[in-house]
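Colleague: Can you read through this structure? Questions will come right after.
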Amino acid sequence: MKVRTRFAPSPTGFMHIGNLRTAIFEYLVAKKYNGDFILRIEDTDQERKVEGAIDFIYKTLELCGFKIDEGPNNPKECGPYIQSERKDIYKKYAEELVSKGKAYYCFCSEKELEEMREKAALRKRPFLYDGRCSKLSKEKIAENLANGIPYVIRQKMPKIGTTVIEDLIYGKIKIDNSILDDQILIKSDGFPTYNFANVIDDHLMGITHVIRGKEYLDQTAKYNLLYDSFGWEKPTYIHVAMVLGSDGNKLSKRNGDASFMDLYNEGYLPSAIVNYLVLLGWSPSNNQEVFTMEELINNFDEKRISKSSSSYDVKKLNWFNQKYIKNLPDAEYLKFIRPFLTLDVSDKSEEWVNKLLLIYKDHISYGKEINEVVDIFFKDEIHISDELQEFLNSDEAIPKVISEYRHEISKIEDWNIENIAKVIDIVKEKTGVKGKLLYMPIRIKISGVEHGPELPDEIYLIGKEKVLDRLK
RNA sequence: AGCCCGUUGGUGAAGUGGCUUAACACACUGCGUUCUCAGCGCAGCAUUCACGGGUUCGAACCCCGUACGGGUUACCA
């Protein structure tokens, strides 16, 4: 049987990295077995639907390099792939369960439910629907239906016995049937609940491996009962532990840049994000850490997914991202980094800008960092602190170095890095000064700070005129 | 409150009863290289695997209990 996995997000507008990581696992399992990766949109909650969210999902998957074999944009025979367009299908299967005695109509009002809930709270018990509507006579049901009383369809749970969940990661888990709620399958607006639509679609779409967050683990007992009622074969379940924020708490928007798009907009490469995320809750049997997509597909082993949750740590992401940026060919790097440079370069040549960006290629952790690191080239006036001024006065050789250097720089006709680099050697020879005493005074005079890129690069970028002016 | 799952250094983690006086990577610290930063190289960083008990000649690995953390108990997904 062909392996098929699916990514089934709800279009609520925000994909955090936990969701993305699940998608990565789903994609890798599919591709590892030469199977299909399916995109299904779970928009059964009409109220939470966010306009344009689907486009974000597409954009994210595309950027990450995941090819969708079947989905709303490239439907095959299992379509439609948007749940709101499959309303009739769910209804049909729910009715089938009703006729089999595995589900029933429920006409309970919001108010009745509220009372039951209060009672349960009073006894400090979890709320369970008491099943009163399952005892309604055929005539009563027909009458209610005829009168247009709103209804839902509920799944009828066994009251005794246990249901065993089988999960590839967590093994066998026994759940007592007595704690299972007669969950709603079809809501009063005619839409299915998530749990029901999921089971129906996973079966109809031939999904062989259901990979999802661990928060759904308990629900699986209800799923199994549904599969049994229909007489369908169950998929392999792979529940994956959560990704926590760096503080050990649940990921949230307030917690920082936890969404893929945020990271992308900060200047993290999708390939680096994917590489980082795949190692959150999964590890290969060897020590490899940097993977191409192809290597991931070949090396991924779903059995090695971790049981315990892991914390998102931006420092390691930075490390990956720096590595990936470094490995970019120059042309690609420039294409990537250019949009992040928001400082005004209208008076600079393209060649100058490219040189500037290239100097920092090996130094940068994420795109937006370029502005911070490069700003010394955009200051019109430099200010030398008292402390550095003190250093400049600390040795009598320093003024000599500076004036000699200035003199040699002024003689350069062809302003390029090679020629600039020669100057320092000339000065070294002429003055007999070397090392820190030679370089640092020049660096401080021309930039005002002790740190920066290599001196010839820096001088080249600042420009002859300015350099001469600052060395006065 | 019931039920389910988890717990190896600041972080990701390897480890499935003797090879573990716990690998590797990030971070951190120190040293070296360099005019500086970064990089690179080297070294250091858990006497111990939440805690307590048990099984065993032997336990991070098996069993029981406790603590802590998380999830779940919706006409949300």
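We label chains A, B, ... in the order they appear in the structure tokens, count residues from 1 in each chain, and number ligands from 1 in the order shown.
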Distance cut-off 7 Å, counting only C-alpha atoms (C1' of nucleotides) - which residues of chain B neighbour chain A? Return them as a PyMOL selection string.
Modeller: chain B and resi 1-2+4+6+11-12+24+26+35-38+71-73+75+77
Colleague: Running DSSP on the backbone, which parts of stretch 64-293 of chain A land in strand (DSSP E or B), as a PyMOL selection string?
Modeller: chain A and resi 70-71+74+82+103-106+152-155+162-167+171-176+184-186+192+209-213+236-240+243-244+250+259+282
Colleague: Go ahead and dump the residues you just picked, N, CA and C atoms, as a CSV table (one decimal), in the first residue's frame.
Modeller:
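To be explicit, this is the file written out as out-v3.csv:
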```csv
chain,number,residue,atom,x,y,z
A,70,GLU,N,-1.1,16.3,-3.5
A,70,GLU,CA,-2.5,16.5,-3.7
A,70,GLU,C,-3.0,17.6,-2.8
A,71,GLY,N,-3.8,18.5,-3.2
A,71,GLY,CA,-4.3,19.5,-2.4
A,71,GLY,C,-5.3,20.4,-3.1
A,74,ASN,N,-4.1,21.3,-6.5
A,74,ASN,CA,-3.8,20.2,-7.5
A,74,ASN,C,-4.6,19.0,-7.1
A,82,ILE,N,-10.8,20.8,0.8
A,82,ILE,CA,-11.1,21.8,1.7
A,82,ILE,C,-12.4,21.3,2.4
A,103,ALA,N,-24.6,6.2,16.7
A,103,ALA,CA,-24.7,7.6,16.9
A,103,ALA,C,-26.2,8.0,17.0
A,104,TYR,N,-26.5,9.2,17.5
A,104,TYR,CA,-27.9,9.6,17.6
A,104,TYR,C,-28.0,11.1,17.5
A,105,TYR,N,-29.3,11.4,17.2
A,105,TYR,CA,-29.6,12.9,17.2
A,105,TYR,C,-29.7,13.4,18.6
A,106,CYS,N,-29.3,14.6,18.8
A,106,CYS,CA,-29.4,15.2,20.1
A,106,CYS,C,-30.0,16.6,20.0
A,152,VAL,N,-27.8,18.2,16.9
A,152,VAL,CA,-26.5,17.7,16.6
A,152,VAL,C,-26.5,16.2,16.5
A,153,ILE,N,-25.5,15.6,15.9
A,153,ILE,CA,-25.4,14.2,15.9
A,153,ILE,C,-24.2,13.8,16.8
A,154,ARG,N,-24.5,12.9,17.8
A,154,ARG,CA,-23.5,12.5,18.8
A,154,ARG,C,-23.1,11.1,18.6
A,155,GLN,N,-21.8,10.8,18.8
A,155,GLN,CA,-21.3,9.5,18.8
A,155,GLN,C,-21.7,8.8,20.1
A,162,THR,N,-12.5,-1.2,27.8
A,162,THR,CA,-11.4,-0.3,27.5
A,162,THR,C,-11.2,-0.3,26.0
A,163,THR,N,-10.6,0.8,25.6
A,163,THR,CA,-10.2,0.9,24.2
A,163,THR,C,-8.7,1.1,24.2
A,164,VAL,N,-8.0,0.4,23.3
A,164,VAL,CA,-6.6,0.5,23.3
A,164,VAL,C,-6.1,1.3,22.1
A,165,ILE,N,-5.3,2.3,22.4
A,165,ILE,CA,-4.7,3.1,21.4
A,165,ILE,C,-3.3,2.5,21.1
A,166,GLU,N,-3.0,2.5,19.8
A,166,GLU,CA,-1.7,2.1,19.5
A,166,GLU,C,-0.9,3.2,18.8
A,167,ASP,N,0.2,3.6,19.3
A,167,ASP,CA,0.9,4.7,18.8
A,167,ASP,C,2.3,4.3,18.5
A,171,GLY,N,3.5,3.7,22.1
A,171,GLY,CA,3.2,2.3,22.3
A,171,GLY,C,1.7,2.2,22.6
A,172,LYS,N,1.4,1.2,23.3
A,172,LYS,CA,-0.1,0.9,23.6
A,172,LYS,C,-0.5,1.7,24.8
A,173,ILE,N,-1.7,2.3,24.7
A,173,ILE,CA,-2.3,3.1,25.8
A,173,ILE,C,-3.7,2.7,26.0
A,174,LYS,N,-4.0,2.3,27.2
A,174,LYS,CA,-5.4,1.9,27.5
A,174,LYS,C,-6.2,3.0,28.0
A,175,ILE,N,-7.4,3.2,27.4
A,175,ILE,CA,-8.3,4.2,27.9
A,175,ILE,C,-9.6,3.6,28.3
A,176,ASP,N,-10.1,4.0,29.5
A,176,ASP,CA,-11.4,3.5,30.0
A,176,ASP,C,-12.5,4.1,29.2
A,184,ILE,N,-19.8,15.2,19.9
A,184,ILE,CA,-20.5,15.7,18.7
A,184,ILE,C,-19.8,15.4,17.4
A,185,LEU,N,-20.5,14.9,16.5
A,185,LEU,CA,-20.0,14.6,15.2
A,185,LEU,C,-20.3,15.6,14.2
A,186,ILE,N,-21.6,16.0,14.2
A,186,ILE,CA,-22.1,17.0,13.3
A,186,ILE,C,-22.7,18.1,14.2
A,192,PRO,N,-19.2,19.4,10.3
A,192,PRO,CA,-18.7,18.3,11.2
A,192,PRO,C,-17.7,18.9,12.2
A,209,HIS,N,-0.5,7.1,7.5
A,209,HIS,CA,0.2,7.5,8.7
A,209,HIS,C,-0.3,8.9,9.2
A,210,VAL,N,-1.0,8.9,10.3
A,210,VAL,CA,-1.5,10.1,10.9
A,210,VAL,C,-0.4,10.7,11.9
A,211,ILE,N,0.2,11.7,11.5
A,211,ILE,CA,1.2,12.4,12.3
A,211,ILE,C,0.6,13.7,12.8
A,212,ARG,N,0.6,13.8,14.1
A,212,ARG,CA,-0.1,15.0,14.7
A,212,ARG,C,0.5,15.3,16.0
A,213,GLY,N,0.1,16.4,16.6
A,213,GLY,CA,0.5,16.8,17.9
A,213,GLY,C,0.1,15.9,19.0
A,236,THR,N,-1.6,4.2,10.9
A,236,THR,CA,-0.6,4.2,11.9
A,236,THR,C,-0.6,5.6,12.6
A,237,TYR,N,-0.6,5.6,13.9
A,237,TYR,CA,-0.6,6.9,14.6
A,237,TYR,C,0.8,7.2,15.0
A,238,ILE,N,1.2,8.5,14.8
A,238,ILE,CA,2.5,9.0,15.2
A,238,ILE,C,2.2,10.3,15.9
A,239,HIS,N,2.2,10.3,17.2
A,239,HIS,CA,1.9,11.5,18.0
A,239,HIS,C,3.3,12.1,18.4
A,240,VAL,N,3.4,13.4,18.1
A,240,VAL,CA,4.7,14.0,18.4
A,240,VAL,C,4.6,15.0,19.5
A,243,VAL,N,6.5,21.4,20.9
A,243,VAL,CA,7.7,22.3,21.0
A,243,VAL,C,7.4,23.5,21.9
A,244,LEU,N,8.2,23.6,22.9
A,244,LEU,CA,8.0,24.7,23.9
A,244,LEU,C,8.8,25.9,23.6
A,250,LYS,N,4.6,27.1,26.8
A,250,LYS,CA,4.0,26.9,25.5
A,250,LYS,C,4.3,28.0,24.5
A,259,SER,N,6.6,32.2,14.9
A,259,SER,CA,6.0,31.8,13.6
A,259,SER,C,7.0,31.7,12.5
A,282,TRP,N,13.6,15.0,17.1
A,282,TRP,CA,14.1,13.9,16.3
A,282,TRP,C,15.6,13.9,16.2
```
Colleague: Would you list the contacts of stretch 61-63 of chain B as an NGL selection string, taking every protein, DNA or RNA residue within 12 Å and counting only C-alpha atoms (C1' of nucleotides), but skipping same-chain residues closer than 4 positions in sequence?
Modeller: :B and (8 or 15-18 or 20 or 22 or 49 or 53-56)
Colleague: Any chance you can output those residues with C-alpha atoms (C1' of nucleotides) as a compact mmCIF listing (two decimals), in the first residue's frame?
Modeller:
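After the write, selection-v8.txt holds the following:
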```txt
# COMPACT_ATOMS: atom_id res chain seq x y z
C1' U B 8 19.57 12.73 30.88
C1' G B 15 22.14 6.06 25.22
C1' U B 16 17.25 -0.01 25.10
C1' G B 17 21.16 -4.18 31.79
C1' G B 18 28.06 -4.61 31.90
C1' U B 20 29.29 4.96 30.23
C1' A B 22 27.19 9.58 30.15
C1' C B 49 20.73 10.65 34.42
C1' G B 53 12.56 2.28 47.22
C1' G B 54 12.92 -2.59 44.79
C1' U B 55 14.83 -6.49 41.15
C1' U B 56 19.97 -7.92 39.75
```
Colleague: Just give me the gap between atom CA of A:Pro158 and atom CA of A:Glu118 in Å, one decimal is fine.
Modeller: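 That distance, rounded to one decimal, is 23.9 Å.
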Colleague: Name the closest residue to A:Lys348 among the candidates A:Phe377, A:Tyr223, A:Phe300, A:Phe14; distances are taken between atoms, counting only C-alpha atoms.
Modeller: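 Closest residue, counting only C-alpha atoms: A:Phe377.
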Colleague: Can you pull out the residues contacting B:U29? Cut-off 12 Å, using only C-alpha atoms (C1' of nucleotides), and skip same-chain residues under 6 positions away; I want them as number ranges by chain.
Modeller: B: 43-45
Colleague: Next, write the just-selected residues to a file, as a JSON list (two decimals), in the first residue's frame, keeping N, CA and C atoms (P, O5', C5', C4', C3', O3' and C1' of nucleotides) as the atom set.
Modeller:
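Once written, part20.json looks like this:
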```
[["chain", "number", "residue", "atom", "x", "y", "z"],
["B", 43, "A", "P", 41.25, 19.00, 22.53],
["B", 43, "A", "O5'", 41.14, 19.79, 23.92],
["B", 43, "A", "C5'", 42.21, 19.71, 24.86],
["B", 43, "A", "C4'", 41.97, 20.70, 25.96],
["B", 43, "A", "C3'", 40.69, 20.51, 26.75],
["B", 43, "A", "O3'", 40.81, 19.49, 27.72],
["B", 43, "A", "C1'", 40.97, 22.79, 26.25],
["B", 44, "G", "P", 39.51, 18.74, 28.22],
["B", 44, "G", "O5'", 38.79, 19.84, 29.11],
["B", 44, "G", "C5'", 39.39, 20.28, 30.33],
["B", 44, "G", "C4'", 38.55, 21.37, 30.93],
["B", 44, "G", "C3'", 37.09, 21.00, 31.19],
["B", 44, "G", "O3'", 36.95, 20.26, 32.39],
["B", 44, "G", "C1'", 37.20, 23.13, 30.18],
["B", 45, "C", "P", 35.81, 19.17, 32.46],
["B", 45, "C", "O5'", 34.46, 20.03, 32.55],
["B", 45, "C", "C5'", 34.26, 20.96, 33.61],
["B", 45, "C", "C4'", 33.01, 21.75, 33.32],
["B", 45, "C", "C3'", 31.79, 20.91, 32.99],
["B", 45, "C", "O3'", 31.15, 20.47, 34.18],
["B", 45, "C", "C1'", 32.00, 22.67, 31.42]]
```
Colleague: Enumerate as a PyMOL selection string all residues of stretch 141-381 of chain A assigned to alpha helix (DSSP H) by DSSP on the backbone, naming them with the chain letters and numbers the document uses.
Modeller: chain A and resi 141-146+194-204+220-230+260-266+270-278+293-299+314-326+330-337+350-359+369-374
Colleague: Which residue out of A:Leu204, A:Val345, A:Ile337, A:Ile41 has the minimum interatomic distance to A:Lys361 when only C-alpha atoms are used?
Modeller: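 Of A:Leu204, A:Val345, A:Ile337, A:Ile41, the one nearest A:Lys361, counting only C-alpha atoms, is A:Ile337.
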Colleague: With a distance cut-off of 10 Å and only C-alpha atoms (C1' of nucleotides), select the neighbouring residues of A:Trp352, excluding the residue or stretch itself and same-chain residues fewer than 6 positions from it, and output the selection as a PyMOL selection string.
Modeller: chain A and resi 345+358+460-463
Colleague: As an exercise, work out the distance from atom CA of A:Lys326 to atom CA of A:Ala272 in Å and give it to one decimal place.
Modeller: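 Separation between atom CA of A:Lys326 and atom CA of A:Ala272: 11.4 Å.
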Colleague: Restricting the calculation to only C-alpha atoms, which member of A:Leu388, A:Ala197, A:Ile297, A:Ile54 is positioned closest to A:Tyr33?
Modeller: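 With only C-alpha atoms as the atom set, the closest residue is A:Ile297.
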Colleague: For A:Leu39, find every residue with an atom within 12 Å (counting only C-alpha atoms (C1' of nucleotides)), except residues of its own chain fewer than 4 positions away, and show them as a PyMOL selection string.
Modeller: chain A and resi 4-11+23+26-27+54+57-58+61+66-76+78-83+201-202+205+207
Colleague: Produce a file of the selected residues containing C-alpha atoms, as a PDB file, in the first residue's frame.
Modeller:
```pdb
ATOM      1  CA  ARG A   4       0.189   8.748   2.268  1.00  0.00           C
ATOM      2  CA  THR A   5       0.510  11.458   4.877  1.00  0.00           C
ATOM      3  CA  ARG A   6      -1.283  14.717   5.172  1.00  0.00           C
ATOM      4  CA  PHE A   7      -0.746  18.153   6.551  1.00  0.00           C
ATOM      5  CA  ALA A   8      -4.084  19.399   7.804  1.00  0.00           C
ATOM      6  CA  PRO A   9      -3.906  22.926   9.157  1.00  0.00           C
ATOM      7  CA  SER A  10      -6.842  25.128   9.929  1.00  0.00           C
ATOM      8  CA  PRO A  11      -6.619  28.453   8.182  1.00  0.00           C
ATOM      9  CA  ALA A  23       4.499  19.212   8.524  1.00  0.00           C
ATOM     10  CA  GLU A  26       4.700  14.316   7.642  1.00  0.00           C
ATOM     11  CA  TYR A  27       6.518  15.267   4.479  1.00  0.00           C
ATOM     12  CA  ILE A  54      -4.471  29.486   2.947  1.00  0.00           C
ATOM     13  CA  ILE A  57       0.172  27.952   4.166  1.00  0.00           C
ATOM     14  CA  TYR A  58       1.057  27.558   0.508  1.00  0.00           C
ATOM     15  CA  LEU A  61       5.286  24.932   2.321  1.00  0.00           C
ATOM     16  CA  PHE A  66       7.709  20.681   0.271  1.00  0.00           C
ATOM     17  CA  LYS A  67       5.991  19.551  -2.866  1.00  0.00           C
ATOM     18  CA  ILE A  68       2.306  18.971  -2.374  1.00  0.00           C
ATOM     19  CA  ASP A  69       1.174  15.886  -4.254  1.00  0.00           C
ATOM     20  CA  GLU A  70      -2.503  16.513  -3.709  1.00  0.00           C
ATOM     21  CA  GLY A  71      -4.305  19.523  -2.361  1.00  0.00           C
ATOM     22  CA  PRO A  72      -6.802  22.257  -3.144  1.00  0.00           C
ATOM     23  CA  ASN A  73      -4.577  23.585  -5.939  1.00  0.00           C
ATOM     24  CA  ASN A  74      -3.808  20.241  -7.521  1.00  0.00           C
ATOM     25  CA  PRO A  75      -6.764  18.006  -6.764  1.00  0.00           C
ATOM     26  CA  LYS A  76      -6.792  14.306  -7.577  1.00  0.00           C
ATOM     27  CA  CYS A  78      -9.806  12.301  -3.283  1.00  0.00           C
ATOM     28  CA  GLY A  79     -10.980  15.905  -3.538  1.00  0.00           C
ATOM     29  CA  PRO A  80     -12.234  18.311  -2.579  1.00  0.00           C
ATOM     30  CA  TYR A  81      -9.438  19.017  -0.125  1.00  0.00           C
ATOM     31  CA  ILE A  82     -11.148  21.795   1.742  1.00  0.00           C
ATOM     32  CA  GLN A  83     -13.418  20.449   4.430  1.00  0.00           C
ATOM     33  CA  ASP A 201     -11.163  12.316   5.491  1.00  0.00           C
ATOM     34  CA  ASP A 202      -8.166  10.329   6.618  1.00  0.00           C
ATOM     35  CA  MET A 205      -8.105  10.022   1.336  1.00  0.00           C
ATOM     36  CA  ILE A 207      -3.966   8.320   4.725  1.00  0.00           C
TER      37      ILE A 207
END
```
Colleague: With only C-alpha atoms (C1' of nucleotides) as the atoms that count, which of A:Gln322, A:Asn419, A:Thr208, A:Asn265 lies nearest to B:G39?
Modeller: A:Gln322
